[in-house]
file structure-v2.json (JSON, C-alpha atoms)
[["chain", "number", "residue", "atom", "x", "y", "z"],
["F", 3, "MET", "CA", 9.69, 33.10, 0.94],
["F", 4, "ALA", "CA", 13.12, 33.20, 2.43],
["F", 5, "LEU", "CA", 13.89, 35.51, 5.32],
["F", 6, "LYS", "CA", 15.48, 38.87, 4.52],
["F", 7, "ALA", "CA", 18.31, 40.21, 6.65],
["F", 8, "SER", "CA", 16.96, 43.76, 6.16],
["F", 9, "ALA", "CA", 13.62, 42.77, 7.68],
["F", 10, "LEU", "CA", 14.93, 40.53, 10.45],
["F", 11, "LYS", "CA", 16.28, 41.39, 13.89],
["F", 12, "VAL", "CA", 17.78, 39.53, 16.82],
["F", 13, "GLY", "CA", 14.99, 38.33, 19.08],
["F", 14, "ASP", "CA", 12.46, 37.80, 16.29],
["F", 15, "SER", "CA", 10.72, 34.47, 16.65],
["F", 16, "HIS", "CA", 8.33, 32.08, 14.99],
["F", 17, "SER", "CA", 6.17, 29.44, 16.71],
["F", 18, "GLU", "CA", 3.98, 26.65, 15.42],
["F", 19, "CYS", "CA", 1.98, 23.85, 16.95],
["F", 20, "VAL", "CA", 3.69, 20.91, 15.21],
["F", 21, "VAL", "CA", 1.50, 18.09, 16.50],
["F", 22, "GLU", "CA", -1.73, 17.95, 18.44],
["F", 23, "ASN", "CA", -2.63, 14.87, 20.49],
["F", 24, "LEU", "CA", 0.20, 12.72, 19.07],
["F", 25, "SER", "CA", -1.20, 9.32, 18.11],
["F", 26, "ARG", "CA", 0.46, 5.96, 18.50],
["F", 27, "THR", "CA", -0.34, 5.50, 14.82],
["F", 28, "GLN", "CA", 1.81, 8.50, 13.85],
["F", 29, "ILE", "CA", 4.66, 6.97, 15.85],
["F", 30, "VAL", "CA", 4.12, 3.72, 13.91],
["F", 31, "GLN", "CA", 4.20, 5.74, 10.67],
["F", 32, "TYR", "CA", 7.57, 7.18, 11.67],
["F", 33, "ALA", "CA", 8.88, 3.72, 12.63],
["F", 34, "GLY", "CA", 7.89, 2.39, 9.22],
["F", 35, "VAL", "CA", 9.41, 5.16, 7.19],
["F", 36, "SER", "CA", 12.61, 5.61, 9.20],
["F", 37, "GLY", "CA", 13.19, 1.88, 9.63],
["F", 38, "ASP", "CA", 13.62, 2.22, 13.42],
["F", 39, "TYR", "CA", 11.33, -0.54, 14.72],
["F", 40, "ASN", "CA", 12.52, -0.35, 18.32],
["F", 41, "PRO", "CA", 9.56, -1.81, 20.29],
["F", 42, "LEU", "CA", 9.94, 1.06, 22.80],
["F", 43, "HIS", "CA", 8.10, 3.19, 20.23],
["F", 44, "THR", "CA", 5.44, 0.82, 18.94],
["F", 45, "ASP", "CA", 4.97, -2.14, 21.29],
["F", 46, "GLU", "CA", 2.99, -1.22, 24.42],
["F", 47, "VAL", "CA", 3.28, -4.74, 25.89],
["F", 48, "TYR", "CA", 7.08, -4.83, 25.65],
["F", 49, "THR", "CA", 7.53, -1.22, 26.73],
["F", 50, "THR", "CA", 5.36, -1.42, 29.84],
["F", 51, "GLN", "CA", 6.07, -5.01, 30.94],
["F", 52, "VAL", "CA", 9.71, -5.47, 29.97],
["F", 53, "ALA", "CA", 11.32, -2.05, 29.56],
["F", 54, "GLY", "CA", 9.52, -0.46, 32.51],
["F", 55, "TYR", "CA", 8.09, 2.67, 30.90],
["F", 56, "PRO", "CA", 4.50, 3.89, 31.44],
["F", 57, "SER", "CA", 3.77, 3.67, 27.69],
["F", 58, "VAL", "CA", 5.42, 3.65, 24.29],
["F", 59, "PHE", "CA", 7.03, 6.99, 23.44],
["F", 60, "ALA", "CA", 8.02, 8.83, 20.27],
["F", 61, "HIS", "CA", 11.34, 8.44, 18.52],
["F", 62, "GLY", "CA", 13.51, 11.44, 19.33],
["F", 63, "MET", "CA", 13.93, 11.76, 15.58],
["F", 64, "LEU", "CA", 10.16, 12.12, 15.13],
["F", 65, "THR", "CA", 10.30, 15.12, 17.46],
["F", 66, "MET", "CA", 13.27, 16.46, 15.47],
["F", 67, "GLY", "CA", 11.24, 16.00, 12.28],
["F", 68, "LEU", "CA", 8.26, 17.79, 13.81],
["F", 69, "THR", "CA", 10.59, 20.61, 14.90],
["F", 70, "SER", "CA", 12.06, 20.79, 11.38],
["F", 71, "LYS", "CA", 8.59, 21.42, 9.96],
["F", 72, "MET", "CA", 8.34, 24.69, 11.93],
["F", 73, "LEU", "CA", 11.94, 25.52, 11.01],
["F", 74, "THR", "CA", 11.61, 25.09, 7.23],
["F", 75, "ASN", "CA", 8.25, 26.89, 7.26],
["F", 76, "TYR", "CA", 10.13, 29.83, 8.82],
["F", 77, "VAL", "CA", 13.42, 29.91, 6.87],
["F", 78, "GLY", "CA", 12.27, 28.39, 3.56],
["F", 79, "ASP", "CA", 13.22, 25.24, 1.68],
["F", 80, "GLY", "CA", 16.83, 24.17, 1.19],
["F", 81, "ARG", "CA", 18.09, 27.06, 3.32],
["F", 82, "LEU", "CA", 19.59, 25.26, 6.29],
["F", 83, "THR", "CA", 23.34, 24.93, 6.69],
["F", 84, "LYS", "CA", 23.15, 23.49, 10.23],
["F", 85, "PHE", "CA", 20.45, 21.94, 12.38],
["F", 86, "GLY", "CA", 21.08, 20.23, 15.69],
["F", 87, "VAL", "CA", 19.03, 19.19, 18.68],
["F", 88, "ARG", "CA", 19.24, 17.62, 22.13],
["F", 89, "PHE", "CA", 16.39, 15.42, 23.28],
["F", 90, "THR", "CA", 15.70, 16.69, 26.80],
["F", 91, "ASN", "CA", 12.49, 14.86, 27.69],
["F", 92, "GLN", "CA", 10.49, 12.02, 26.22],
["F", 93, "VAL", "CA", 7.43, 12.64, 24.04],
["F", 94, "TRP", "CA", 4.36, 10.50, 24.77],
["F", 95, "PRO", "CA", 1.19, 9.59, 22.89],
["F", 96, "GLY", "CA", -1.36, 12.35, 23.49],
["F", 97, "ASP", "CA", 1.26, 15.11, 23.66],
["F", 98, "THR", "CA", 0.72, 18.41, 21.88],
["F", 99, "LEU", "CA", 3.98, 20.05, 20.87],
["F", 100, "THR", "CA", 4.84, 23.64, 20.02],
["F", 101, "SER", "CA", 8.14, 24.53, 18.35],
["F", 102, "THR", "CA", 9.77, 27.95, 18.39],
["F", 103, "ALA", "CA", 12.75, 29.41, 16.53],
["F", 104, "THR", "CA", 14.31, 32.63, 17.86],
["F", 105, "VAL", "CA", 16.88, 34.70, 15.96],
["F", 106, "GLU", "CA", 20.12, 34.87, 17.94],
["F", 107, "ALA", "CA", 22.43, 36.45, 15.36],
["F", 108, "ILE", "CA", 22.38, 37.81, 11.82],
["F", 109, "ARG", "CA", 25.79, 37.72, 10.16],
["F", 110, "GLU", "CA", 27.65, 37.54, 6.88],
["F", 111, "GLU", "CA", 30.05, 34.80, 5.89],
["F", 112, "GLY", "CA", 31.81, 34.83, 2.52],
["F", 113, "GLY", "CA", 29.21, 37.17, 1.03],
["F", 114, "GLN", "CA", 26.28, 35.08, 2.28],
["F", 115, "MET", "CA", 23.88, 36.38, 4.92],
["F", 116, "LEU", "CA", 23.13, 33.84, 7.63],
["F", 117, "ALA", "CA", 20.75, 33.72, 10.58],
["F", 118, "ASP", "CA", 21.59, 31.73, 13.71],
["F", 119, "LEU", "CA", 18.49, 30.44, 15.44],
["F", 120, "LYS", "CA", 17.78, 28.97, 18.85],
["F", 121, "LEU", "CA", 15.20, 26.19, 18.80],
["F", 122, "SER", "CA", 12.87, 24.90, 21.46],
["F", 123, "THR", "CA", 9.99, 22.44, 21.36],
["F", 124, "VAL", "CA", 7.75, 22.19, 24.41],
["F", 125, "ASN", "CA", 4.84, 19.95, 25.34],
["F", 126, "GLN", "CA", 1.39, 20.93, 26.61],
["F", 127, "ASP", "CA", 2.78, 21.36, 30.14],
["F", 128, "GLY", "CA", 5.50, 23.74, 28.95],
["F", 129, "LYS", "CA", 8.19, 21.09, 29.48],
["F", 130, "GLU", "CA", 10.98, 21.32, 26.90],
["F", 131, "VAL", "CA", 11.36, 18.12, 24.87],
["F", 132, "VAL", "CA", 13.88, 19.39, 22.34],
["F", 133, "SER", "CA", 16.41, 22.20, 22.55],
["F", 134, "GLY", "CA", 18.58, 23.04, 19.61],
["F", 135, "SER", "CA", 20.06, 25.45, 17.16],
["F", 136, "ALA", "CA", 20.12, 26.02, 13.42],
["F", 137, "THR", "CA", 21.77, 28.23, 10.86],
["F", 138, "ALA", "CA", 20.01, 29.26, 7.65],
["F", 139, "ARG", "CA", 21.01, 31.18, 4.55],
["F", 140, "ILE", "CA", 18.89, 34.30, 4.28],
["F", 141, "ASP", "CA", 18.51, 36.97, 1.62],
["F", 142, "ALA", "CA", 20.09, 40.40, 1.97],
["M", 16, "MET", "CA", 32.16, 0.37, 9.82],
["M", 17, "ALA", "CA", 30.86, -0.71, 6.42],
["M", 18, "LYS", "CA", 29.69, 1.86, 3.95],
["M", 19, "ILE", "CA", 25.96, 1.91, 3.25],
["M", 20, "THR", "CA", 24.49, 2.76, -0.15],
["M", 21, "PHE", "CA", 21.42, 4.94, 0.31],
["M", 22, "PRO", "CA", 19.32, 5.60, -2.81],
["M", 23, "VAL", "CA", 17.12, 8.66, -2.23],
["M", 24, "GLU", "CA", 13.65, 8.04, -3.68],
["M", 25, "ALA", "CA", 10.65, 10.33, -4.19],
["M", 26, "THR", "CA", 8.14, 7.92, -2.62],
["M", 27, "HIS", "CA", 10.31, 7.50, 0.46],
["M", 28, "ILE", "CA", 10.54, 11.30, 0.83],
["M", 29, "MET", "CA", 6.75, 11.59, 0.48],
["M", 30, "MET", "CA", 6.18, 8.98, 3.18],
["M", 31, "PHE", "CA", 8.76, 10.55, 5.47],
["M", 32, "ALA", "CA", 7.08, 13.96, 5.15],
["M", 33, "ARG", "CA", 3.71, 12.33, 5.94],
["M", 34, "ALA", "CA", 5.13, 10.72, 9.08],
["M", 35, "ILE", "CA", 6.27, 14.11, 10.42],
["M", 36, "GLY", "CA", 2.97, 15.71, 9.34],
["M", 37, "ASP", "CA", 4.65, 18.07, 6.88],
["M", 38, "THR", "CA", 2.33, 18.94, 3.96],
["M", 39, "ASN", "CA", 4.88, 21.17, 2.18],
["M", 40, "PRO", "CA", 4.45, 20.39, -1.58],
["M", 41, "VAL", "CA", 8.25, 20.51, -2.03],
["M", 42, "TYR", "CA", 8.30, 17.01, -0.47],
["M", 43, "HIS", "CA", 5.60, 15.36, -2.61],
["M", 44, "ASP", "CA", 4.50, 17.44, -5.60],
["M", 45, "ALA", "CA", 7.09, 17.39, -8.39],
["M", 46, "GLU", "CA", 5.30, 20.06, -10.45],
["M", 47, "ALA", "CA", 4.92, 22.51, -7.57],
["M", 48, "ALA", "CA", 8.46, 21.79, -6.43],
["M", 49, "LYS", "CA", 9.80, 22.56, -9.91],
["M", 50, "LYS", "CA", 8.38, 26.08, -9.65],
["M", 51, "SER", "CA", 9.76, 26.59, -6.14],
["M", 52, "GLU", "CA", 13.08, 28.15, -5.16],
["M", 53, "VAL", "CA", 14.76, 24.75, -4.90],
["M", 54, "GLY", "CA", 13.65, 23.71, -8.41],
["M", 55, "GLY", "CA", 12.45, 20.21, -7.55],
["M", 56, "VAL", "CA", 11.59, 17.80, -4.79],
["M", 57, "ILE", "CA", 14.04, 17.79, -1.89],
["M", 58, "ALA", "CA", 14.18, 15.71, 1.29],
["M", 59, "PRO", "CA", 13.21, 17.11, 4.72],
["M", 60, "PRO", "CA", 16.15, 18.08, 6.97],
["M", 61, "SER", "CA", 16.14, 14.91, 9.09],
["M", 62, "PHE", "CA", 15.39, 12.48, 6.22],
["M", 63, "ALA", "CA", 18.81, 10.84, 6.40],
["M", 64, "GLN", "CA", 17.67, 9.07, 9.56],
["M", 65, "ALA", "CA", 15.97, 6.65, 7.15],
["M", 66, "VAL", "CA", 19.41, 5.37, 6.09],
["M", 67, "ALA", "CA", 18.63, 2.58, 8.61],
["M", 68, "GLN", "CA", 16.41, 1.04, 5.89],
["M", 69, "PHE", "CA", 19.51, 0.38, 3.83],
["M", 70, "ASP", "CA", 21.69, -1.12, 6.57],
["M", 71, "PRO", "CA", 21.35, -4.90, 6.11],
["M", 72, "GLU", "CA", 22.44, -5.50, 9.72],
["M", 73, "TYR", "CA", 20.32, -2.80, 11.37],
["M", 74, "HIS", "CA", 19.59, -4.16, 14.86],
["M", 75, "LEU", "CA", 16.22, -2.45, 15.35],
["M", 76, "ARG", "CA", 14.51, -4.24, 12.45],
["M", 77, "PRO", "CA", 13.04, -7.76, 12.87],
["M", 78, "LYS", "CA", 14.68, -10.28, 10.54],
["M", 79, "PRO", "CA", 13.28, -13.58, 9.27],
["M", 80, "GLY", "CA", 14.37, -16.57, 11.31],
["M", 81, "GLN", "CA", 15.75, -14.47, 14.15],
["M", 82, "LYS", "CA", 14.22, -13.91, 17.59],
["M", 83, "TRP", "CA", 12.86, -10.40, 18.08],
["M", 84, "PHE", "CA", 12.96, -8.73, 21.49],
["M", 85, "GLY", "CA", 9.51, -7.14, 21.13],
["M", 86, "SER", "CA", 6.32, -8.90, 22.26],
["M", 87, "GLY", "CA", 4.56, -11.87, 20.65],
["M", 88, "LYS", "CA", 3.17, -14.70, 22.74],
["M", 89, "THR", "CA", 5.18, -13.30, 25.62],
["M", 90, "PRO", "CA", 6.11, -9.67, 26.46],
["M", 91, "SER", "CA", 9.55, -10.22, 24.90],
["M", 92, "GLY", "CA", 10.57, -12.75, 22.29],
["M", 93, "VAL", "CA", 14.03, -12.96, 23.82],
["M", 94, "GLU", "CA", 14.37, -14.70, 27.17],
["M", 95, "GLY", "CA", 16.42, -13.10, 29.86],
["M", 96, "LYS", "CA", 16.19, -9.70, 28.23],
["M", 97, "PRO", "CA", 17.18, -7.34, 31.05],
["M", 98, "ALA", "CA", 14.48, -4.89, 32.09],
["M", 99, "SER", "CA", 16.67, -1.96, 31.18],
["M", 100, "SER", "CA", 15.68, 0.82, 28.88],
["M", 101, "GLY", "CA", 18.41, 0.01, 26.38],
["M", 102, "GLY", "CA", 19.72, 2.85, 24.26],
["M", 103, "LEU", "CA", 18.09, 6.21, 23.72],
["M", 104, "HIS", "CA", 18.87, 9.03, 21.35],
["M", 105, "ALA", "CA", 20.40, 12.01, 23.17],
["M", 106, "GLU", "CA", 21.45, 14.41, 20.41],
["M", 107, "GLN", "CA", 21.40, 14.73, 16.63],
["M", 108, "HIS", "CA", 23.23, 17.33, 14.55],
["M", 109, "TYR", "CA", 23.38, 17.91, 10.81],
["M", 110, "GLU", "CA", 25.62, 20.04, 8.62],
["M", 111, "TYR", "CA", 24.24, 20.52, 5.12],
["M", 112, "ILE", "CA", 26.25, 21.21, 2.02],
["M", 113, "ARG", "CA", 23.21, 20.81, -0.25],
["M", 114, "PRO", "CA", 19.69, 19.35, 0.07],
["M", 115, "LEU", "CA", 19.17, 15.65, -0.74],
["M", 116, "ARG", "CA", 17.11, 15.00, -3.87],
["M", 117, "PRO", "CA", 15.34, 11.99, -5.42],
["M", 118, "GLY", "CA", 17.82, 10.22, -7.68],
["M", 119, "ASP", "CA", 20.76, 10.85, -5.40],
["M", 120, "VAL", "CA", 22.64, 7.68, -4.54],
["M", 121, "LEU", "CA", 24.41, 8.42, -1.30],
["M", 122, "THR", "CA", 27.18, 6.56, 0.38],
["M", 123, "ALA", "CA", 27.07, 6.81, 4.15],
["M", 124, "GLU", "CA", 30.18, 6.08, 6.15],
["M", 125, "THR", "CA", 29.91, 6.07, 9.94],
["M", 126, "ASN", "CA", 32.76, 6.32, 12.39],
["M", 127, "PRO", "CA", 32.63, 6.23, 16.18],
["M", 128, "GLY", "CA", 33.38, 9.51, 17.95],
["M", 129, "LYS", "CA", 33.79, 10.43, 21.59],
["M", 130, "VAL", "CA", 32.49, 8.37, 24.51],
["M", 131, "TRP", "CA", 31.70, 9.94, 27.89],
["M", 132, "GLU", "CA", 29.81, 9.19, 31.09],
["M", 133, "ARG", "CA", 27.68, 11.16, 33.49],
["M", 134, "GLU", "CA", 25.65, 10.40, 36.61],
["M", 135, "SER", "CA", 21.99, 11.37, 36.50],
["M", 136, "LYS", "CA", 19.32, 11.39, 39.19],
["M", 137, "ARG", "CA", 16.63, 10.24, 36.76],
["M", 138, "ALA", "CA", 18.35, 7.25, 35.12],
["M", 139, "GLY", "CA", 21.55, 6.37, 37.00],
["M", 140, "LYS", "CA", 24.86, 6.17, 35.13],
["M", 141, "LEU", "CA", 24.59, 7.48, 31.58],
["M", 142, "THR", "CA", 27.04, 6.43, 28.89],
["M", 143, "PHE", "CA", 27.09, 8.65, 25.83],
["M", 144, "ARG", "CA", 28.48, 7.47, 22.49],
["M", 145, "GLU", "CA", 28.96, 9.69, 19.46],
["M", 146, "ARG", "CA", 28.73, 8.51, 15.83],
["M", 147, "VAL", "CA", 29.69, 10.67, 12.88],
["M", 148, "THR", "CA", 28.31, 9.83, 9.43],
["M", 149, "GLU", "CA", 29.50, 11.42, 6.21],
["M", 150, "TYR", "CA", 27.13, 11.30, 3.26],
["M", 151, "ARG", "CA", 28.65, 11.52, -0.21],
["M", 152, "ASP", "CA", 26.70, 11.64, -3.46],
["M", 153, "GLN", "CA", 27.10, 9.68, -6.71],
["M", 154, "ASN", "CA", 29.92, 12.05, -7.72],
["M", 155, "GLY", "CA", 31.82, 11.48, -4.51],
["M", 156, "GLU", "CA", 30.95, 14.97, -3.26],
["M", 157, "LEU", "CA", 30.28, 15.44, 0.45],
["M", 158, "VAL", "CA", 26.65, 16.56, 0.81],
["M", 159, "MET", "CA", 25.94, 16.18, 4.51],
["M", 160, "ILE", "CA", 27.54, 15.32, 7.84],
["M", 161, "ALA", "CA", 25.44, 13.82, 10.64],
["M", 162, "ARG", "CA", 26.58, 13.55, 14.24],
["M", 163, "GLY", "CA", 24.41, 11.46, 16.53],
["M", 164, "VAL", "CA", 24.81, 10.87, 20.24],
["M", 165, "GLY", "CA", 23.26, 7.78, 21.80],
["M", 166, "VAL", "CA", 22.89, 7.24, 25.53],
["M", 167, "THR", "CA", 22.64, 4.01, 27.47],
["M", 168, "THR", "CA", 20.94, 4.41, 30.83],
["M", 169, "GLU", "CA", 21.46, 2.32, 33.96],
["M", 170, "ARG", "CA", 17.66, 2.16, 34.48],
["M", 171, "PRO", "CA", 14.53, 3.49, 32.78],
["M", 172, "VAL", "CA", 14.28, 7.27, 32.87],
["M", 173, "ASP", "CA", 12.27, 8.33, 35.94],
["M", 174, "GLN", "CA", 9.26, 10.38, 34.85],
["M", 175, "GLY", "CA", 8.87, 12.18, 38.23]]
call {"tool": "encode", "arguments": {"input": "structure-v2.json", "output": "structure tokens"}}
result
Amino acid sequence: MALKASALKVGDSHSECVVENLSRTQIVQYAGVSGDYNPLHTDEVYTTQVAGYPSVFAHGMLTMGLTSKMLTNYVGDGRLTKFGVRFTNQVWPGDTLTSTATVEAIREEGGQMLADLKLSTVNQDGKEVVSGSATARIDA
Amino acid sequence: MAKITFPVEATHIMMFARAIGDTNPVYHDAEAAKKSEVGGVIAPPSFAQAVAQFDPEYHLRPKPGQKWFGSGKTPSGVEGKPASSGGLHAEQHYEYIRPLRPGDVLTAETNPGKVWERESKRAGKLTFRERVTEYRDQNGELVMIARGVGVTTERPVDQG
């Protein structure tokens, strides 16, 4: 299921809706599994009354994980050599996120074909919440 | 910074995949994973974030007998907690040498990287701090490098 260099071209892209109507419960799930119990993500009372935000919001790393789901569905399992993101806007309960990978380069390095990808995850208003890049090993 | 021992476990991988809504069998079904290209269960690309579970001093986990800054009887369990937003995650980057697998016992060693500042309209003065973590496996082989950037804001990020 890996990508093939012969069938891939610069500008090709893949998009997926990675979460619809993000629940506070899913954010709690991520807190529990990652071990990051920062109340900003799970404690509405603290976050609104002490920290001064309108509501709890998702861990950036949850959004990275959601983005990675689209990415590995596209490039295949165990294919990444690099994956990096910047968190550009917060993600809130109720958000619906769509992630896109776009091929920026197809190249060879030491006999291995690689694809460089540009990544973007946007919310339901089209606001970018994650921008990033990745490199994946692809087949010839 | 102290080294952290991070045992990679199948159940933890399954729960992590659930939390990110990823139903790919390669994260939870050993039989299906065996037949796949990777030959067994692997961890999702951002799984190493869960290394926090194995840091005995991790500051964002409540500990018995210690005051917690989240709400209880009052909006914060710590008096005089400034109404700042505290730290946020600005960037995260991974370089992979090989996928992480159940049974791996990783050693994570984190070192501070660059520090820089920037003014922002939405949150005042921003201070960025980089941390670089090298993950080595039970054979001492480097398997992954993580570079995280945290940001401390002067005030909560304006949503306007």
call {"tool": "interface_residues", "arguments": {"input": "structure-v2.json", "of": "chain F", "to": "chain M", "cutoff": "8 Å", "atoms": "all atoms listed in the file", "output": "PyMOL selection string"}}
result
chain F and resi 20-21+28-29+31-32+35-41+45+47-48+51-55+62-64+66-68+70-71+79-80+82-90
call {"tool": "residues_around", "arguments": {"input": "structure-v2.json", "residues": "M:Asn126", "least_positions_apart": "6", "cutoff": "10 Å", "atoms": "only C-alpha atoms", "output": "ChimeraX atom specification"}}
result
/M:16-17,145-149,162
call {"tool": "atom_distance", "arguments": {"input": "structure-v2.json", "atom1": "atom CA of F:Ala103", "atom2": "atom CA of M:Gly165"}}
result
24.6 Å
call {"tool": "residues_around", "arguments": {"input": "structure-v2.json", "residues": "M:Asp152", "least_positions_apart": "4", "cutoff": "7 Å", "atoms": "only C-alpha atoms", "output": "JSON list (two decimals) with C-alpha atoms, keeping the file's coordinate frame"}}
result
[["chain", "number", "residue", "atom", "x", "y", "z"],
["M", 119, "ASP", "CA", 20.76, 10.85, -5.40],
["M", 120, "VAL", "CA", 22.64, 7.68, -4.54],
["M", 121, "LEU", "CA", 24.41, 8.42, -1.30],
["M", 122, "THR", "CA", 27.18, 6.56, 0.38],
["M", 156, "GLU", "CA", 30.95, 14.97, -3.26],
["M", 157, "LEU", "CA", 30.28, 15.44, 0.45],
["M", 158, "VAL", "CA", 26.65, 16.56, 0.81]]
call {"tool": "atom_distance", "arguments": {"input": "structure-v2.json", "atom1": "atom CA of M:Leu141", "atom2": "atom CA of F:Thr50"}}
result
21.3 Å
call {"tool": "closest_residue", "arguments": {"input": "structure-v2.json", "among": "M:Lys78, M:Ala45, M:Gly55, M:Arg151", "to": "M:Glu124", "atoms": "only C-alpha atoms"}}
result
M:Arg151
call {"tool": "closest_residue", "arguments": {"input": "structure-v2.json", "among": "M:His43, M:Arg144, M:Lys50, M:Lys88", "to": "M:Val166", "atoms": "only C-alpha atoms"}}
result
M:Arg144
call {"tool": "closest_residue", "arguments": {"input": "structure-v2.json", "among": "F:Ser15, F:Thr27, F:Gln92, F:Asn125", "to": "F:Glu106", "atoms": "all atoms listed in the file"}}
result
F:Ser15
call {"tool": "closest_residue", "arguments": {"input": "structure-v2.json", "among": "F:Leu42, F:Ala9, F:Val124, F:Val77", "to": "F:Glu22", "atoms": "all atoms listed in the file"}}
result
F:Val124
call {"tool": "residues_around", "arguments": {"input": "structure-v2.json", "residues": "F:Arg26", "least_positions_apart": "4", "cutoff": "8 Å", "atoms": "all atoms listed in the file", "output": "list in words"}}
result
Val30, Thr44, Val58 and Pro95 of chain F
call {"tool": "closest_residue", "arguments": {"input": "structure-v2.json", "among": "F:Glu111, F:Tyr76, F:Thr65, F:Ala7", "to": "F:Ala142", "atoms": "all atoms listed in the file"}}
result
F:Ala7
call {"tool": "atom_distance", "arguments": {"input": "structure-v2.json", "atom1": "atom CA of M:Pro79", "atom2": "atom CA of F:His61"}}
result
24.0 Å
call {"tool": "closest_residue", "arguments": {"input": "structure-v2.json", "among": "M:Glu72, M:Glu94, M:Ala47, M:Thr142", "to": "M:Lys18", "atoms": "only C-alpha atoms"}}
result
M:Glu72
